[in-house]
Structures are given as C-alpha cells and as structure tokens.
$ cat model-v1.cif   # mmCIF, C-alpha atoms
data_my_file
#
loop_
_atom_site.label_atom_id
_atom_site.label_comp_id
_atom_site.auth_asym_id
_atom_site.auth_seq_id
_atom_site.Cartn_x
_atom_site.Cartn_y
_atom_site.Cartn_z
CA MET C 167 109.18 125.67 91.10
CA ILE C 168 110.47 125.53 94.68
CA PRO C 169 112.59 122.39 95.20
CA VAL C 170 111.56 119.92 97.89
CA GLN C 171 113.32 120.68 101.17
CA GLU C 172 113.46 118.95 104.53
CA ALA C 173 112.54 120.54 107.81
CA TYR C 174 115.43 120.25 110.24
CA ALA C 175 114.43 122.47 113.18
CA VAL C 176 111.45 124.21 114.78
CA GLU C 177 111.74 126.98 117.34
CA ALA C 178 109.85 129.80 119.05
CA ARG C 179 110.69 133.43 118.37
CA GLY C 180 108.33 135.50 120.41
CA SER C 181 104.81 134.71 119.19
CA ALA C 182 106.17 133.20 115.96
CA ARG C 183 106.87 129.52 115.38
CA VAL C 184 109.73 129.13 112.91
CA VAL C 185 110.57 126.04 110.86
CA ARG C 186 114.07 126.00 109.42
CA LEU C 187 114.56 124.17 106.11
CA SER C 188 117.50 122.24 104.72
CA GLY C 189 118.05 124.77 101.94
CA GLY C 190 118.61 127.57 104.41
CA ALA C 191 115.16 129.15 104.17
CA GLU C 192 112.83 129.66 107.13
CA LEU C 193 109.06 129.51 107.41
CA SER C 194 107.48 131.70 110.07
CA SER C 195 103.89 131.36 111.29
CA HIS C 196 101.84 131.50 114.44
CA THR C 197 101.29 127.74 114.52
CA VAL C 198 102.92 124.55 113.24
CA LEU C 199 101.35 121.12 112.73
CA ILE C 200 103.77 118.17 112.82
CA ALA C 201 102.52 115.09 110.94
CA THR C 202 105.77 113.40 109.91
CA GLY C 203 104.67 109.80 110.53
CA VAL C 204 106.85 106.77 111.24
CA SER C 205 108.88 104.08 109.53
CA TYR C 206 108.05 100.53 110.55
CA ARG C 207 111.06 98.54 111.70
CA ARG C 208 112.02 95.92 109.16
CA LEU C 209 113.51 92.46 109.54
CA ASP C 210 116.62 91.43 107.63
CA THR C 211 115.29 87.92 107.06
CA PRO C 212 116.09 85.88 103.92
CA GLY C 213 113.23 86.05 101.43
CA PHE C 214 111.35 88.91 103.10
CA GLU C 215 112.32 91.87 100.98
CA GLY C 216 111.16 90.42 97.65
CA LEU C 217 107.78 89.46 99.13
CA VAL C 218 106.88 92.73 100.87
CA GLY C 219 103.37 93.63 99.70
CA ARG C 220 102.97 90.11 98.31
CA GLY C 221 102.15 88.25 101.47
CA VAL C 222 104.66 89.90 103.81
CA TYR C 223 103.31 93.10 105.32
CA TYR C 224 104.70 95.60 107.81
CA GLY C 225 101.90 96.72 110.10
CA ALA C 226 98.35 95.41 110.04
CA ARG C 227 96.47 96.12 106.82
CA VAL C 228 92.74 96.06 107.45
CA THR C 229 92.16 96.02 103.69
CA GLU C 230 93.76 92.58 103.51
CA ALA C 231 91.43 91.01 106.09
CA GLN C 232 88.70 90.11 103.59
CA ARG C 233 91.19 87.97 101.66
CA MET C 234 91.92 85.74 104.63
CA HIS C 235 88.90 83.47 104.74
CA ASP C 236 90.12 79.88 105.27
CA GLN C 237 93.73 81.10 105.49
CA ASP C 238 96.38 80.41 108.14
CA VAL C 239 97.85 83.79 109.08
CA TYR C 240 101.02 84.55 111.06
CA ILE C 241 101.92 87.69 113.03
CA ILE C 242 105.41 88.56 114.31
CA GLY C 243 105.37 90.73 117.41
CA GLY C 244 104.51 90.72 121.10
CA ALA C 245 103.17 94.21 121.78
CA ASN C 246 99.58 95.49 121.89
CA SER C 247 99.48 96.26 118.18
CA ALA C 248 100.20 92.62 117.36
CA GLY C 249 97.54 91.41 119.80
CA GLN C 250 94.95 93.83 118.44
CA ALA C 251 95.74 92.74 114.88
CA ALA C 252 95.36 89.08 115.87
CA VAL C 253 91.93 89.73 117.38
CA HIS C 254 90.78 91.54 114.25
CA LEU C 255 92.17 89.01 111.77
CA SER C 256 90.77 86.06 113.73
CA ARG C 257 87.30 87.12 112.58
CA PHE C 258 88.25 86.25 109.02
CA ALA C 259 91.15 83.77 109.03
CA ARG C 260 90.97 80.06 109.76
CA SER C 261 93.81 80.50 112.24
CA VAL C 262 96.08 83.29 113.47
CA THR C 263 99.44 82.43 115.02
CA ILE C 264 101.39 85.03 116.98
CA LEU C 265 105.15 84.44 116.95
CA VAL C 266 107.04 86.00 119.87
CA ARG C 267 110.78 85.79 120.57
CA ALA C 268 110.34 86.37 124.31
CA GLN C 269 109.45 83.76 126.90
CA GLN C 270 106.26 85.59 127.92
CA LEU C 271 103.89 88.33 126.81
CA GLU C 272 103.26 90.03 130.14
CA LYS C 273 106.11 92.54 129.77
CA SER C 274 105.06 93.76 126.33
CA MET C 275 101.28 93.28 126.05
CA SER C 276 98.43 94.56 128.21
CA HIS C 277 96.80 92.01 130.54
CA TYR C 278 93.30 92.59 129.13
CA LEU C 279 94.55 91.86 125.63
CA ILE C 280 96.37 88.69 126.68
CA GLU C 281 93.13 87.44 128.23
CA GLN C 282 91.24 88.31 125.07
CA ILE C 283 93.54 86.51 122.65
CA THR C 284 93.76 83.41 124.87
CA SER C 285 89.95 83.21 124.87
CA ILE C 286 89.69 83.14 121.05
CA PRO C 287 90.04 79.53 119.88
CA ASN C 288 91.59 80.19 116.48
CA ILE C 289 94.40 82.39 117.86
CA HIS C 290 97.55 80.46 118.72
CA LEU C 291 100.62 81.73 120.56
CA ARG C 292 104.14 80.45 119.98
CA LEU C 293 106.71 81.84 122.40
CA GLN C 294 110.48 81.78 121.88
CA SER C 295 109.86 81.51 118.15
CA GLU C 296 111.02 83.56 115.18
CA VAL C 297 110.81 83.43 111.41
CA ILE C 298 114.23 82.81 109.87
CA ALA C 299 113.21 82.56 106.19
CA ALA C 300 110.33 83.13 103.79
CA GLY C 301 109.69 81.37 100.51
CA GLY C 302 107.61 81.99 97.43
CA SER C 303 107.89 83.34 93.92
CA ALA C 304 105.04 85.71 93.01
CA HIS C 305 103.55 85.55 96.53
CA LEU C 306 104.45 84.28 99.99
CA GLU C 307 104.04 80.50 100.19
CA THR C 308 106.05 79.31 103.21
CA ILE C 309 107.85 80.55 106.29
CA THR C 310 110.53 78.77 108.31
CA ILE C 311 110.02 79.06 112.06
CA ALA C 312 112.84 78.43 114.53
CA ASP C 313 111.86 77.29 118.03
CA ARG C 314 114.57 78.72 120.28
CA ALA C 315 113.47 76.62 123.24
CA THR C 316 113.93 73.27 121.49
CA GLY C 317 116.36 74.23 118.72
CA SER C 318 114.04 72.81 116.08
CA GLU C 319 112.94 74.37 112.79
CA ALA C 320 109.73 73.88 110.83
CA VAL C 321 108.53 75.02 107.42
CA GLU C 322 104.90 76.16 107.54
CA PRO C 323 102.66 76.97 104.55
CA THR C 324 101.07 80.42 104.64
CA ASN C 325 100.17 83.25 102.30
CA PHE C 326 100.02 86.03 104.91
CA LEU C 327 102.64 87.22 107.38
CA PHE C 328 102.33 90.50 109.29
CA VAL C 329 105.44 91.98 110.90
CA MET C 330 104.62 94.20 113.87
CA ILE C 331 107.85 94.86 115.72
CA GLY C 332 107.45 98.58 116.31
CA ALA C 333 108.02 101.81 114.48
CA SER C 334 110.49 104.69 114.53
CA PRO C 335 108.94 108.19 114.37
CA HIS C 336 110.38 110.77 111.99
CA THR C 337 111.08 113.27 114.76
CA ASP C 338 114.87 113.36 115.18
CA TRP C 339 114.95 116.71 113.39
CA ILE C 340 112.90 118.27 116.18
CA GLY C 341 115.56 117.76 118.84
CA ASP C 342 114.61 119.27 122.19
CA ALA C 343 112.16 121.81 120.77
CA VAL C 344 109.19 119.76 121.97
CA ALA C 345 108.95 116.96 124.55
CA ARG C 346 109.34 113.42 123.23
CA ASP C 347 109.42 110.04 124.91
CA ALA C 348 112.41 107.67 124.93
CA GLN C 349 111.43 106.27 121.51
CA GLY C 350 111.07 109.72 119.97
CA PHE C 351 107.26 109.91 119.88
CA ILE C 352 105.91 113.40 120.57
CA LEU C 353 103.98 114.05 123.78
CA SER C 354 100.75 116.02 123.52
CA GLY C 355 97.86 117.32 125.59
CA PRO C 356 97.70 115.98 129.17
CA GLU C 357 100.94 114.00 128.62
CA VAL C 358 102.84 117.30 128.55
CA LEU C 359 101.84 118.14 132.14
CA ARG C 360 101.57 114.67 133.65
CA ASP C 361 103.53 114.34 136.90
CA GLY C 362 105.17 117.68 136.24
CA ALA C 363 107.64 115.94 133.95
CA HIS C 364 107.82 118.78 131.45
CA PRO C 365 107.90 122.16 133.19
CA ARG C 366 108.74 123.84 129.87
CA TRP C 367 105.03 124.47 129.31
CA THR C 368 104.77 128.25 129.60
CA ALA C 369 101.14 129.11 128.84
CA ALA C 370 98.69 129.98 131.63
CA ARG C 371 96.18 127.50 130.21
CA ASP C 372 96.49 123.73 129.84
CA PRO C 373 97.67 122.45 126.44
CA HIS C 374 95.08 121.49 123.85
CA LEU C 375 94.56 117.77 123.24
CA LEU C 376 96.98 117.61 120.28
CA GLU C 377 99.27 120.46 121.34
CA THR C 378 102.91 119.73 122.13
CA SER C 379 105.00 121.14 124.97
CA LEU C 380 105.65 124.21 122.82
CA PRO C 381 102.42 126.28 122.70
CA GLY C 382 101.22 126.73 119.15
CA VAL C 383 102.95 123.60 117.85
CA PHE C 384 100.55 120.68 117.29
CA VAL C 385 101.06 117.03 116.34
CA ALA C 386 98.82 114.53 114.55
CA GLY C 387 99.16 110.99 113.31
CA ASP C 388 101.64 108.22 114.01
CA ALA C 389 104.41 110.50 115.30
CA ARG C 390 102.23 111.29 118.35
CA ARG C 391 102.84 108.98 121.31
CA SER C 392 99.23 108.08 122.07
CA SER C 393 98.01 107.76 118.48
CA MET C 394 96.34 104.54 117.30
CA LYS C 395 98.80 104.05 114.39
CA ARG C 396 96.02 103.68 111.82
CA VAL C 397 95.40 105.71 108.65
CA ALA C 398 91.80 106.54 109.57
CA SER C 399 92.88 107.69 113.02
CA ALA C 400 95.65 109.88 111.57
CA VAL C 401 93.22 111.54 109.16
CA GLY C 402 90.80 112.23 112.02
CA GLU C 403 93.57 113.65 114.20
CA GLY C 404 94.61 115.94 111.36
CA ALA C 405 91.09 117.38 111.15
CA ILE C 406 90.93 117.82 114.93
CA ALA C 407 94.35 119.49 114.97
CA VAL C 408 93.25 122.05 112.37
CA HIS C 409 90.22 122.85 114.52
CA LEU C 410 92.48 123.32 117.55
CA VAL C 411 94.79 125.54 115.52
CA HIS C 412 91.81 127.80 114.79
CA GLN C 413 90.98 127.92 118.50
CA TYR C 414 94.59 128.84 119.29
CA LEU C 415 94.63 131.61 116.68
CA ASP C 416 91.29 133.03 117.86
CA LYS C 417 92.73 133.64 121.33
CA MET C 418 96.01 135.22 120.27
#
$ encode --input "model-v1.cif" --output "structure tokens"
Amino acid sequence: MIPVQEAYAVEARGSARVVRLSGGAELSSHTVLIATGVSYRRLDTPGFEGLVGRGVYYGARVTEAQRMHDQDVYIIGGANSAGQAAVHLSRFARSVTILVRAQQLEKSMSHYLIEQITSIPNIHLRLQSEVIAAGGSAHLETITIADRATGSEAVEPTNFLFVMIGASPHTDWIGDAVARDAQGFILSGPEVLRDGAHPRWTAARDPHLLETSLPGVFVAGDARRSSMKRVASAVGEGAIAVHLVHQYLDKM
C-alpha cells in the first residue's frame, strides 16, 4: 500500500503538469485539479472548544436550520458570509443576532446585504460586541457578550452560535506556481486576466472558467477565490472542472 503523502509543489514541464510529493515522488500528467479546501479560523474563547459541534459551529450549517424553530441564534462575523447566513437562518429562528467587533459593517459587508438584513425584523445587529465565553455541559446553553463601547458584559441564553470569521485556504504549498490573492485563494477564469494583473498567462486562448493562471491546472471548491464556500457548490464545481479538463485534453 502506498503511504499517504502531501503535495508540496506543482510546476509545468513542457506540456506536462508535475506535482511533487513529500516522499520525493512526482506525479506527471497533462492536467491537475486543485481541490484542497480551507480551514475555518477558530476563536480561542473559553468554553468554545468543548462545545464545537454541540451548539458552537464554524461556518453556516444549512442542515442545522430546521432545528432552530423558536430559537435565539447568534452569529459572529461581519462579512458577507455572516450576513447571508443570518438571512437564511432568520426564516427558521425566532431571532438572529449578528455580533460584530467593528463599529460599522460598511467596510466588510456589501451594501445590498446590509439593506436586506436591516429590513428583516427578527435579525438584530450588535456592533462593537464579542463573545468572551460560552457555557454548557452536553450542549451550548449560554454565551457571555462583552460590549466594547460601554464596557458592560451580559450572559445570554442560546443553543446555537455560528462563528464566521473567515477561512484560510490550503494553498501555501503552491507558492507562485499559480496566481493567488492576498489571502491565498486561487484566481481562476476571468480573474486571471482582469486588468492585466497576471501576464503569466501564456495560452493564445482565454482561460476556462475554473482554470488557474497556469494552463492545464484547474481549481474547484473553497480554495478558489470566487467560490460560494458551500459543500453543494464545491461538488458542482468539481463536476464542471472535470468537464473542462476533458475540453482541455481534446484540444491538446
């Protein structure tokens, strides 16, 4: 049995695309599909770790929404993903409270989404607020919220807390082989050519929708900059990427 190895580099050698492995071996092919995903950033908050999956969740879990009828739900985060989760969960929960450390949302959330969440009566926004502790034995029961504007603290009962403070893509191993943004997410399709920012594109044609700046290397799922960061979306992108790989191979 071949032991599990990590990929630590990808490069072009003529028409071949070569992936180098941690054990010293190399895999050579005409195409490569990168689907390495992300790790959600975690909070080092007292009580959190023992309650992950038992009321404390990283990312928005659509499967949990049905359990939230007549529940008061809290979301930590001020970006679009947090706003989108609040809109979705508000259809089921009695109330959804978004906790944001900043003084405003405008720098981190799209204007259309801010207007949407402010128009939904059971979504509440608490700025300059953060959770400093979580309590519960078998399941989340309470959270302690610190109001940084007033210096006060309050213990609130809740069984559901969603932490949405961003994610780190598993792309450090790629280095400069393909274009990535400042956070490490891989650029694809039109992003590769936009504003002439990445002149490394060498093919006479435009890149395929899920193709990176290195022709023949594709990306799907959460590691891609413009992905929706949802399981269903990642699965769909994987299927599309395979189709694009076939198109690429047909024209070689």
$ residues_around --input "model-v1.cif" --residues "Val321 in chain C" --least-positions-apart "5" --cutoff "12 Å" --atoms "only C-alpha atoms" --output "list in words"
Glu296, Val297, Ile298, Ala299, Ala300, Gly301, Glu307, Thr308, Ile309, Thr310, Ile311, Ala312 and Asp313 of chain C
$ residues_around --input "model-v1.cif" --residues "Val176 in chain C" --least-positions-apart "6" --cutoff "8 Å" --atoms "only C-alpha atoms" --output "PyMOL selection string"
chain C and resi 183-186+340+343
$ write_last_selection --input "model-v1.cif" --atoms "C-alpha atoms" --output "mmCIF file, in the coordinates of the input"
data_model
loop_
_atom_site.group_PDB
_atom_site.id
_atom_site.type_symbol
_atom_site.label_atom_id
_atom_site.label_comp_id
_atom_site.auth_asym_id
_atom_site.auth_seq_id
_atom_site.Cartn_x
_atom_site.Cartn_y
_atom_site.Cartn_z
ATOM 1 C CA ARG C 183 106.870 129.520 115.380
ATOM 2 C CA VAL C 184 109.730 129.130 112.910
ATOM 3 C CA VAL C 185 110.570 126.040 110.860
ATOM 4 C CA ARG C 186 114.070 126.000 109.420
ATOM 5 C CA ILE C 340 112.900 118.270 116.180
ATOM 6 C CA ALA C 343 112.160 121.810 120.770
#
$ resolve_selection --input "model-v1.cif" --expression "the PyMOL selection byres ((chain C and resi 330) around 9)" --output "list in words"
Tyr206, Arg207, Arg208, Tyr223, Tyr224, Gly225, Ala226, Ile241, Ile242, Gly243, Gly244, Ala245, Ser247, Ala248, Phe328, Val329, Ile331, Gly332 and Ala333 of chain C
$ write_last_selection --input "model-v1.cif" --atoms "C-alpha atoms" --output "compact mmCIF listing (two decimals), keeping the file's coordinate frame"
# COMPACT_ATOMS: atom_id res chain seq x y z
CA TYR C 206 108.05 100.53 110.55
CA ARG C 207 111.06 98.54 111.70
CA ARG C 208 112.02 95.92 109.16
CA TYR C 223 103.31 93.10 105.32
CA TYR C 224 104.70 95.60 107.81
CA GLY C 225 101.90 96.72 110.10
CA ALA C 226 98.35 95.41 110.04
CA ILE C 241 101.92 87.69 113.03
CA ILE C 242 105.41 88.56 114.31
CA GLY C 243 105.37 90.73 117.41
CA GLY C 244 104.51 90.72 121.10
CA ALA C 245 103.17 94.21 121.78
CA SER C 247 99.48 96.26 118.18
CA ALA C 248 100.20 92.62 117.36
CA PHE C 328 102.33 90.50 109.29
CA VAL C 329 105.44 91.98 110.90
CA ILE C 331 107.85 94.86 115.72
CA GLY C 332 107.45 98.58 116.31
CA ALA C 333 108.02 101.81 114.48
$ closest_residue --input "model-v1.cif" --among "C:Thr202, C:Ser399, C:Ser379, C:Ser393" --to "His336 in chain C" --atoms "only C-alpha atoms"
C:Thr202
$ resolve_selection --input "model-v1.cif" --expression "the PyMOL selection byres ((chain C and resi 287) around 12)" --output "PyMOL selection string"
chain C and resi 252-253+256-257+259-263+281-286+288-291
